[in-house]
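Worksheet: the structure to be examined is printed underneath.
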Amino acid sequence: MEFTAEDIKKALISEVSDIGKEIVILEEVESTNTVANELLKIGYPSGTVVIANKQLKGKGRLGRAWISPADKNIYLSIGIKPNFPPKYATLLTLTSTVACTLALRRFTDIPVTIKWPNDMLINNKKVGGILTEMKTEAERIKSAVVGIGINVNMDETDFPEEIKDIATSLKIHKGKIISRALLIVEVLKEFDKWYQLLEKTKRKEIIDSWIELSGTIGRQVKIVLSERQQLVGIAEAIDEEGRLILKLSDGAYEKISAGDVILLRAN
Ligand code: BT5
């Protein structure tokens with residue numbers, strides 16, 4: 001890669017509290033999430049960051065794949081040992097999405113938006129995604145890994161058939177190559193800040209920012225819960241655990257903590 005762990009560490013000095021204490025950069029991995037999880041297991045500290053140039057088995061949610069070609073993108077995982085209970089797992093994903101989206105906006109000036117729970121979009125096309133995985137023990141989170149994938153310098157021709165109509169990259173919108181190293185520094189700084197807010201139970205601040213950055217609230221949406229189960233309604237709000245509150249056509253409310261959102265039409 002065109003940068004080292006030391007380069008990133010140097011740029012982060014005095015800018016972060018816990019995130020990036022240990023940074024491991026690898027050329028090729030199956031999934032940075034898996035590596036981060038293994039490092040936490042063998043005693044690496046909370047805040048350990050794993051970055052790879054290429055993933056062979058990049059993971060999306062629900063067993064889906066994250067397309068992860070070499071040299072172009074950011075594949076980064078942050079291993080943490082949170083102090084909040086497992087019920088805030090969804091909120092951790094929302095917090096991470098706020099941090100990434102703000103970093104992307106600041107660094108590129110592109111009006112990136114959020115779609116619940118984990119998508120970062122440019123003009124309705126996916127530019128990044130977040131996969132949070134955690135290990136729990138009784139009512140405690142033992143460890144969590146936040147995996148961040150951002151399409152940075154992919155060209156239109158780099159996208160395989162299955163995602164070419166739904167995915168995009170920062171380079172496509174800026175018309176020039178973006179520095180992965182500098183963007184990683186921005187993402188880690190912002191993550192550090194928002195993760196601290198979450199630890200300090202500043203949940204309202206996080207949710208308000210999420211709503212401001214998202215194109216989801218107030219829209220009519222279809223929620224795909226599984227192959228057989230779908231719900232249609234108005235996305236009304238986000239509750240303090242990060243769940244999406246859906247108002248159904250009969251006036252009843254549903255709280256959704258996992259699923260895919262399809263935006264139906266603007267109100
Ligand atoms: C996500 O899943 O959006 C989570 C993606 C997380 C990726 C990071 S990379 C670093 C870390 N290590 C990992 O192994 N994973 C994390 P989901 O919402 O389920 O979206 C997956 C869907 O997005 C796929 O089914 C495709 O339709 C689409 N997709 C796959 N690769 C993509 C890409 N590079 N860009 C845009 N869309 C993609």
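Chains: A, B, ... in order of the structure tokens. Residues: from 1 per chain. Ligands: from 1, in order shown.
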With only C-alpha atoms as the counted atoms, please give the residues lying no more than 8 Å from A:Leu94, apart from itself and same-chain residues fewer than 5 positions off, as a list in words.
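After dropping sequence-adjacent residues, the list is Trp116, Pro117, Asn118, Ile206, Ile207, Trp210 and Gly242 of chain A.
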C-alpha atoms of the current selection, written as a PDB file, in the first residue's frame:
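This is the output file selection24.pdb:
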ATOM      1  CA  TRP A 116     -30.882   2.990   7.616  1.00  0.00           C
ATOM      2  CA  PRO A 117     -29.072   1.269   9.079  1.00  0.00           C
ATOM      3  CA  ASN A 118     -25.661   1.065   7.432  1.00  0.00           C
ATOM      4  CA  ILE A 206     -26.009  10.828  17.785  1.00  0.00           C
ATOM      5  CA  ILE A 207     -29.575  10.130  16.694  1.00  0.00           C
ATOM      6  CA  TRP A 210     -28.096  10.559  12.047  1.00  0.00           C
ATOM      7  CA  GLY A 242     -31.205   2.964  17.089  1.00  0.00           C
TER       8      GLY A 242
END
For chain A versus ligand 1, which residues have an atom no more than 8 Å away, and what is each residue's nearest atom pair and distance in Å rounded to one decimal, using only C-alpha atoms and all ligand atoms, chain-then-number order, as a Markdown table?
| residue | atom | partner | partner_atom_place_in_ligand_line | distance |
| --- | --- | --- | --- | --- |
| A:Glu30 | CA | ligand 1 | 14 (O) | 7.2 |
| A:Ser31 | CA | ligand 1 | 14 (O) | 4.0 |
| A:Thr32 | CA | ligand 1 | 12 (N) | 4.4 |
| A:Asn33 | CA | ligand 1 | 12 (N) | 4.5 |
| A:Thr34 | CA | ligand 1 | 14 (O) | 7.1 |
| A:Ile51 | CA | ligand 1 | 10 (C) | 7.9 |
| A:Gln55 | CA | ligand 1 | 14 (O) | 7.1 |
| A:Lys57 | CA | ligand 1 | 14 (O) | 6.4 |
| A:Gly58 | CA | ligand 1 | 14 (O) | 3.6 |
| A:Lys59 | CA | ligand 1 | 14 (O) | 3.6 |
| A:Gly60 | CA | ligand 1 | 2 (O) | 3.3 |
| A:Arg61 | CA | ligand 1 | 19 (O) | 3.6 |
| A:Leu62 | CA | ligand 1 | 19 (O) | 6.1 |
| A:Gly63 | CA | ligand 1 | 19 (O) | 7.5 |
| A:Arg64 | CA | ligand 1 | 25 (O) | 5.0 |
| A:Ala65 | CA | ligand 1 | 24 (C) | 5.6 |
| A:Trp66 | CA | ligand 1 | 31 (N) | 3.7 |
| A:Ile67 | CA | ligand 1 | 31 (N) | 3.8 |
| A:Ser68 | CA | ligand 1 | 34 (N) | 5.8 |
| A:Ile74 | CA | ligand 1 | 9 (S) | 7.1 |
| A:Tyr75 | CA | ligand 1 | 10 (C) | 4.0 |
| A:Leu76 | CA | ligand 1 | 10 (C) | 4.7 |
| A:Ser77 | CA | ligand 1 | 11 (C) | 5.5 |
| A:Asn118 | CA | ligand 1 | 3 (O) | 6.2 |
| A:Asp119 | CA | ligand 1 | 3 (O) | 5.8 |
| A:Lys125 | CA | ligand 1 | 36 (C) | 7.7 |
| A:Lys126 | CA | ligand 1 | 36 (C) | 4.9 |
| A:Val127 | CA | ligand 1 | 36 (C) | 5.6 |
| A:Gly128 | CA | ligand 1 | 35 (N) | 6.0 |
| A:Gly129 | CA | ligand 1 | 3 (O) | 3.4 |
| A:Ile130 | CA | ligand 1 | 4 (C) | 4.2 |
| A:Leu131 | CA | ligand 1 | 4 (C) | 4.4 |
| A:Val146 | CA | ligand 1 | 11 (C) | 7.4 |
| A:Gly147 | CA | ligand 1 | 11 (C) | 3.7 |
| A:Ile148 | CA | ligand 1 | 8 (C) | 4.3 |
| A:Gly149 | CA | ligand 1 | 9 (S) | 3.6 |
| A:Ile150 | CA | ligand 1 | 34 (N) | 7.2 |
| A:Asn151 | CA | ligand 1 | 34 (N) | 6.0 |
| A:Phe159 | CA | ligand 1 | 34 (N) | 7.8 |
| A:Glu162 | CA | ligand 1 | 27 (O) | 7.0 |
| A:Ile163 | CA | ligand 1 | 27 (O) | 5.7 |
| A:Ile166 | CA | ligand 1 | 37 (N) | 6.6 |
| A:Ala167 | CA | ligand 1 | 36 (C) | 4.3 |
| A:Thr168 | CA | ligand 1 | 36 (C) | 6.5 |
| A:Ser169 | CA | ligand 1 | 35 (N) | 7.8 |
| A:Asp260 | CA | ligand 1 | 18 (O) | 7.3 |
Mind dumping a table of every stretch 24-98 of chain A residue within 8 Å of stretch 170-194 of chain A, with the nearest atom pair and its distance in Å to one decimal, using only C-alpha atoms, sorted by chain and rising number, as CSV?
residue,atom,partner,partner_atom,distance
A:Asn73,CA,A:Arg180,CA,7.2
A:Ile74,CA,A:Arg180,CA,6.7
A:Thr95,CA,A:Trp194,CA,6.4
A:Ser96,CA,A:Phe191,CA,6.3
A:Val98,CA,A:Trp194,CA,7.9
Go ahead and write the residues just picked, N, CA and C atoms, as an mmCIF file, in the first residue's frame.
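Okay, this is what ended up in again_39.cif:
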data_model
loop_
_atom_site.group_PDB
_atom_site.id
_atom_site.type_symbol
_atom_site.label_atom_id
_atom_site.label_comp_id
_atom_site.auth_asym_id
_atom_site.auth_seq_id
_atom_site.Cartn_x
_atom_site.Cartn_y
_atom_site.Cartn_z
ATOM 1 N N ASN A 73 -9.731 0.805 -2.798
ATOM 2 C CA ASN A 73 -10.743 1.182 -1.799
ATOM 3 C C ASN A 73 -10.216 1.154 -0.376
ATOM 4 N N ILE A 74 -11.113 1.466 0.549
ATOM 5 C CA ILE A 74 -10.788 1.332 1.971
ATOM 6 C C ILE A 74 -11.561 0.140 2.542
ATOM 7 N N THR A 95 -23.999 5.065 14.894
ATOM 8 C CA THR A 95 -22.935 5.991 15.310
ATOM 9 C C THR A 95 -21.772 5.949 14.320
ATOM 10 N N SER A 96 -21.400 4.741 13.924
ATOM 11 C CA SER A 96 -20.286 4.579 12.991
ATOM 12 C C SER A 96 -20.641 5.178 11.629
ATOM 13 N N VAL A 98 -22.703 7.677 11.078
ATOM 14 C CA VAL A 98 -22.642 9.147 11.204
ATOM 15 C C VAL A 98 -21.186 9.601 11.074
#
Taking the DSSP secondary structure from the backbone, can you list the residues of stretch 104-169 of chain A that are alpha helix (DSSP H), as a ChimeraX atom specification?
/A:104-108
Could the residues in this selection be saved with C-alpha atoms as a PDB file, in the first residue's frame?
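Result file result.pdb:
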ATOM      1  CA  LEU A 104     -16.661  11.655   3.727  1.00  0.00           C
ATOM      2  CA  ARG A 105     -18.583  14.920   3.442  1.00  0.00           C
ATOM      3  CA  ARG A 106     -15.791  16.975   4.946  1.00  0.00           C
ATOM      4  CA  PHE A 107     -13.071  15.316   2.915  1.00  0.00           C
ATOM      5  CA  THR A 108     -14.800  15.276  -0.484  1.00  0.00           C
TER       6      THR A 108
END
Backbone DSSP call of strand (DSSP E) for stretch 50-240 of chain A, listed as number ranges by chain:
A: 50-55, 74-80, 113-115, 119-122, 125-137, 140-150, 220-224, 230-238
Would you mind exporting the chosen residues as a PDB file, in the first residue's frame, restricted to C-alpha atoms?
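The result, stored in again-v3.pdb:
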ATOM      1  CA  VAL A  50      -6.984  -3.319  10.777  1.00  0.00           C
ATOM      2  CA  ILE A  51      -6.637  -2.068   7.209  1.00  0.00           C
ATOM      3  CA  ALA A  52      -6.238  -4.212   4.081  1.00  0.00           C
ATOM      4  CA  ASN A  53      -5.497  -3.479   0.447  1.00  0.00           C
ATOM      5  CA  LYS A  54      -7.672  -6.352  -0.732  1.00  0.00           C
ATOM      6  CA  GLN A  55     -10.243  -8.737   0.760  1.00  0.00           C
ATOM      7  CA  ILE A  74     -10.788   1.332   1.971  1.00  0.00           C
ATOM      8  CA  TYR A  75     -11.392  -1.881   3.928  1.00  0.00           C
ATOM      9  CA  LEU A  76     -10.988  -1.056   7.579  1.00  0.00           C
ATOM     10  CA  SER A  77     -12.101  -2.618  10.835  1.00  0.00           C
ATOM     11  CA  ILE A  78     -12.018  -1.173  14.330  1.00  0.00           C
ATOM     12  CA  GLY A  79     -11.966  -3.626  17.225  1.00  0.00           C
ATOM     13  CA  ILE A  80     -13.481  -2.242  20.426  1.00  0.00           C
ATOM     14  CA  THR A 113     -26.416  10.551   2.760  1.00  0.00           C
ATOM     15  CA  ILE A 114     -27.281   7.678   5.073  1.00  0.00           C
ATOM     16  CA  LYS A 115     -29.869   4.985   4.550  1.00  0.00           C
ATOM     17  CA  ASP A 119     -25.585   2.406   3.887  1.00  0.00           C
ATOM     18  CA  MET A 120     -23.728   5.474   2.684  1.00  0.00           C
ATOM     19  CA  LEU A 121     -25.164   6.748  -0.570  1.00  0.00           C
ATOM     20  CA  ILE A 122     -24.397   9.240  -3.311  1.00  0.00           C
ATOM     21  CA  LYS A 125     -26.044   4.584  -5.117  1.00  0.00           C
ATOM     22  CA  LYS A 126     -24.009   2.846  -2.466  1.00  0.00           C
ATOM     23  CA  VAL A 127     -20.531   4.272  -1.865  1.00  0.00           C
ATOM     24  CA  GLY A 128     -19.927   2.571   1.472  1.00  0.00           C
ATOM     25  CA  GLY A 129     -21.286   0.166   4.026  1.00  0.00           C
ATOM     26  CA  ILE A 130     -20.732  -0.830   7.624  1.00  0.00           C
ATOM     27  CA  LEU A 131     -20.838  -4.275   9.178  1.00  0.00           C
ATOM     28  CA  THR A 132     -20.908  -4.439  12.978  1.00  0.00           C
ATOM     29  CA  GLU A 133     -20.261  -7.790  14.586  1.00  0.00           C
ATOM     30  CA  MET A 134     -20.166  -8.443  18.298  1.00  0.00           C
ATOM     31  CA  LYS A 135     -19.535 -11.110  20.866  1.00  0.00           C
ATOM     32  CA  THR A 136     -21.759 -10.980  23.900  1.00  0.00           C
ATOM     33  CA  GLU A 137     -21.601 -12.726  27.244  1.00  0.00           C
ATOM     34  CA  ARG A 140     -22.336  -7.676  28.391  1.00  0.00           C
ATOM     35  CA  ILE A 141     -20.560  -6.981  25.120  1.00  0.00           C
ATOM     36  CA  LYS A 142     -17.254  -8.846  25.211  1.00  0.00           C
ATOM     37  CA  SER A 143     -15.975  -7.261  22.043  1.00  0.00           C
ATOM     38  CA  ALA A 144     -17.243  -5.630  18.880  1.00  0.00           C
ATOM     39  CA  VAL A 145     -15.816  -5.045  15.450  1.00  0.00           C
ATOM     40  CA  VAL A 146     -16.999  -2.212  13.236  1.00  0.00           C
ATOM     41  CA  GLY A 147     -16.089  -2.935   9.605  1.00  0.00           C
ATOM     42  CA  ILE A 148     -16.087  -0.050   7.177  1.00  0.00           C
ATOM     43  CA  GLY A 149     -15.958  -0.434   3.407  1.00  0.00           C
ATOM     44  CA  ILE A 150     -15.690   2.674   1.218  1.00  0.00           C
ATOM     45  CA  GLN A 220     -42.451   5.941   2.692  1.00  0.00           C
ATOM     46  CA  VAL A 221     -40.324   2.815   2.842  1.00  0.00           C
ATOM     47  CA  LYS A 222     -40.479  -0.895   2.326  1.00  0.00           C
ATOM     48  CA  ILE A 223     -38.617  -2.911   4.921  1.00  0.00           C
ATOM     49  CA  VAL A 224     -37.387  -6.289   3.792  1.00  0.00           C
ATOM     50  CA  GLN A 230     -41.874  -7.261   4.166  1.00  0.00           C
ATOM     51  CA  LEU A 231     -43.471  -4.216   5.730  1.00  0.00           C
ATOM     52  CA  VAL A 232     -44.518  -0.951   4.093  1.00  0.00           C
ATOM     53  CA  GLY A 233     -45.015   2.253   6.033  1.00  0.00           C
ATOM     54  CA  ILE A 234     -43.667   5.674   6.895  1.00  0.00           C
ATOM     55  CA  ALA A 235     -40.247   5.793   8.563  1.00  0.00           C
ATOM     56  CA  GLU A 236     -41.243   7.966  11.507  1.00  0.00           C
ATOM     57  CA  ALA A 237     -38.265   8.100  13.828  1.00  0.00           C
ATOM     58  CA  ILE A 238     -35.261   6.385  15.363  1.00  0.00           C
TER      59      ILE A 238
END
Given only C-alpha atoms as the counted atoms, nearest of A:Arg219, A:Lys247, A:Lys164, A:Lys21 to A:Leu264
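Answer, going by the shortest atom-to-atom distance: A:Arg219.
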I'd like to know which of A:Phe3, A:Ser46, A:Val29, A:Asp239 is closest to A:Lys204, using only C-alpha atoms.
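Selected residue with least distance to A:Lys204: A:Asp239.
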Please measure the separation of atom CA of A:Leu12 and atom CA of A:Asp71, giving the value in Å to one decimal.
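Between these atoms lies a distance of 22.5 Å.
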Please indicate the distance in Å from atom CA of A:Glu240 to atom CA of A:Glu199, rounded to one decimal place.
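For atom CA of A:Glu240 relative to atom CA of A:Glu199, the distance reads 13.7 Å.
Restricting the calculation to only C-alpha atoms, the smallest distance between A:Val49 and any of A:Glu22, A:Glu139, A:Glu27, A:Glu227 is found for A:Glu22.
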Given only C-alpha atoms as the basis, pick out the residue of A:Thr48, A:Leu26, A:Arg228, A:Thr216 nearest to A:Val261.
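So, comparing all the options, the nearest one is A:Thr216.
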Quick one: distance from atom CA of A:Glu254 to atom CA of A:Tyr88 in Å, one decimal?
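Interatomic distance here is 17.7 Å.
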